[in-house]
Amino acid sequence: MKLINSALIRVSRKIHSNGVLGYPEKILFEPTNACNLKCPLCPTGINALGRPTGQMRIDQFSPIIDEIQSRTKHVEFAGYGEPFIAKDIFRMIRYAAEKGLHTHVYSNLLMLNTEEKMDELISSGLNRLTVSIDGATQETYEKYRIGGNIDVLFDVLGKIIERKKVHNINSMEIVGQMLVTKQNEHEVHLMKKRTQALGLDRIITKTANLALTKPMENSSIDPLLTSNFYPTRNEFQRYRANSAILRNGCSWLYKECVIFWNGDVTTCCHDPSGINILGNVFSSGSVWSVWNGDNYKKLRKQVNHDISSAHPLCSQCPDRSQNINS
């Protein structure tokens with residue numbers, strides 16, 4: 001069924017259909033939009049999210065999984081908060097894993113600071129854990145992960161890796177991810193060296209997104225953010241001066257969606273404040289009713305034929321319309 005579902009998605013996108021014949025292949029769930037850190041490029045971190053704070057419950061989550069389990073492939077737990085703050089997070093991971101979905105959590109890992117929580121993680125059936133490691137020293141790490149302690153992070157990470165070995169858990173991949181900024185680009189090599197010594201499965205770097213805290217009506221990156229955070233090394237730069245390109249069409253509208261903690265559905269992770277809400281899975285009763293509802297169909301039609309008319313979000317897509325002003 002999942003292979004058929006993927007084929008139906010490809011057909012729908014190829015013919016530029018307003019509806020989609022299949023379910024989304026991947027759904028990003030926001031277990032909570034609360035966080036324990038104050039990261040300066042995150043709207044949650046700077047208290048600019050503009051949405052009420054809360055948590056998704058297992059009784060709200062499980063019916064969604066029951067609906068999508070035979071068609072959707074991947075479930076990610078992320079959004080604009082720290083997933084391990086949510087009290088039902090381990091039950092949510094376990095429920096999705098037991099239903100045959102590939103599960104993935106993004107975390108700063110600092111909340112997993114007890115043996116009980118570590119053991120719950122190891123036994124949850126999680127397929128991938130991506131850990132934010134934005135430095136190799138406390139001095140550098142805390143410039144972005146404000147309120148975090150890198151020694152706690154590496155202690156927790158080491159203990160989880162050791163537990164994984166002891167329990168012979170081969171199905172869970174542990175990935176170290178560095179969000180590269182001007183403050184930490186000099187420590188990329190040292191971070192990789194330090195984490196490799198712990199025995200991570202993979203280490204990746206990710207270019208900082210400077211667009212998440214900007215007003216949607218302005219497609220240019222704030223010069224202050226550029227001067228403070230934009231990496232100087234070319235390999236870590238995601239934007240280019242005067243390089244705005246806005247093409248019609250978007251794969252996200254056919255393959256993926258985001259469900260906030262309160263059931264609101266939006267298009268992608270570039271909508272932290274929920275300005276592009278297309279429906280609510282809790283009030284509508286299903287993912288399908290939102291995914292193929294009038295709001296989604298209207299947006300697909302706009303994006304396919306004239307993305308510049310898809311205000312306010314898609315017409316200012318951070319992946320395709322950003323300029324660096326320095």
# chains A, B, ... in the order shown; residues from 1 in each chain; ligands from 1
call {"tool": "residues_around", "arguments": {"residues": "A:Lys301", "least_positions_apart": "3", "cutoff": "9 Å", "atoms": "only C-alpha atoms", "output": "list in words"}}
result
His16, Ser17, Asn18, Gly249, Tyr296, Lys297, Lys298, Asn304, His305, Asp306 and Ile307 of chain A
call {"tool": "closest_residue", "arguments": {"among": "A:Asp155, A:Glu142, A:Asp88, A:Asp271", "to": "A:Leu49", "atoms": "only C-alpha atoms"}}
result
A:Asp271
call {"tool": "select_by_dssp", "arguments": {"residues": "stretch 6-104 of chain A", "states": "helix (DSSP H, G or I)", "output": "PyMOL selection string"}}
result
chain A and resi 6-14+58-68+83-85+89-98
call {"tool": "atom_distance", "arguments": {"atom1": "atom CA of A:Pro223", "atom2": "atom CA of A:Ala78"}}
result
28.2 Å
call {"tool": "closest_residue", "arguments": {"among": "A:Gly50, A:Gly293, A:Gly263, A:Gly79", "to": "A:Tyr106", "atoms": "only C-alpha atoms"}}
result
A:Gly79
call {"tool": "residues_around", "arguments": {"residues": "stretch 156-171 of chain A", "least_positions_apart": "4", "cutoff": "12 Å", "atoms": "only C-alpha atoms", "output": "ChimeraX atom specification"}}
result
/A:97,102-104,107-133,149-152,175-176,194-201
call {"tool": "closest_residue", "arguments": {"among": "A:Ser273, A:Asn292, A:Gln316, A:Asn36", "to": "A:Pro52", "atoms": "only C-alpha atoms"}}
result
A:Ser273
call {"tool": "closest_atom_pairs", "arguments": {"of": "stretch 10-44 of chain A", "to": "stretch 64-76 of chain A", "cutoff": "7 Å", "atoms": "only C-alpha atoms", "output": "JSON lines"}}
result
{"residue": "A:Tyr23", "atom": "CA", "partner": "A:Thr72", "partner_atom": "CA", "distance": 6.3}
{"residue": "A:Pro24", "atom": "CA", "partner": "A:Thr72", "partner_atom": "CA", "distance": 6.0}
{"residue": "A:Glu25", "atom": "CA", "partner": "A:Thr72", "partner_atom": "CA", "distance": 4.5}
{"residue": "A:Lys26", "atom": "CA", "partner": "A:His74", "partner_atom": "CA", "distance": 4.6}
{"residue": "A:Ile27", "atom": "CA", "partner": "A:Val75", "partner_atom": "CA", "distance": 5.2}
{"residue": "A:Leu28", "atom": "CA", "partner": "A:Glu76", "partner_atom": "CA", "distance": 4.6}
{"residue": "A:Phe29", "atom": "CA", "partner": "A:Glu76", "partner_atom": "CA", "distance": 5.9}
call {"tool": "write_last_selection", "arguments": {"atoms": "C-alpha atoms", "output": "PDB file, in the first residue's frame"}}
result
ATOM      1  CA  TYR A  23      -1.699  10.370   1.715  1.00  0.00           C
ATOM      2  CA  PRO A  24       1.443  12.368   2.545  1.00  0.00           C
ATOM      3  CA  GLU A  25       4.550  10.170   2.549  1.00  0.00           C
ATOM      4  CA  LYS A  26       5.939  11.985   5.574  1.00  0.00           C
ATOM      5  CA  ILE A  27       4.230  13.873   8.390  1.00  0.00           C
ATOM      6  CA  LEU A  28       6.102  16.100  10.791  1.00  0.00           C
ATOM      7  CA  PHE A  29       4.426  16.152  14.209  1.00  0.00           C
TER       8      PHE A  29
END
call {"tool": "select_by_dssp", "arguments": {"residues": "stretch 8-236 of chain A", "states": "strand (DSSP E or B)", "output": "MDAnalysis selection string"}}
result
chainID A and resid 26:29 32 55 74:77 102:107 128:132 173:180 202:207 220:221
call {"tool": "closest_residue", "arguments": {"among": "A:Val188, A:Cys268, A:Leu224, A:Met1", "to": "A:Lys255", "atoms": "only C-alpha atoms"}}
result
A:Cys268
call {"tool": "closest_residue", "arguments": {"among": "A:Phe229, A:Lys193, A:Leu153, A:Gly19", "to": "A:Thr181", "atoms": "only C-alpha atoms"}}
result
A:Phe229
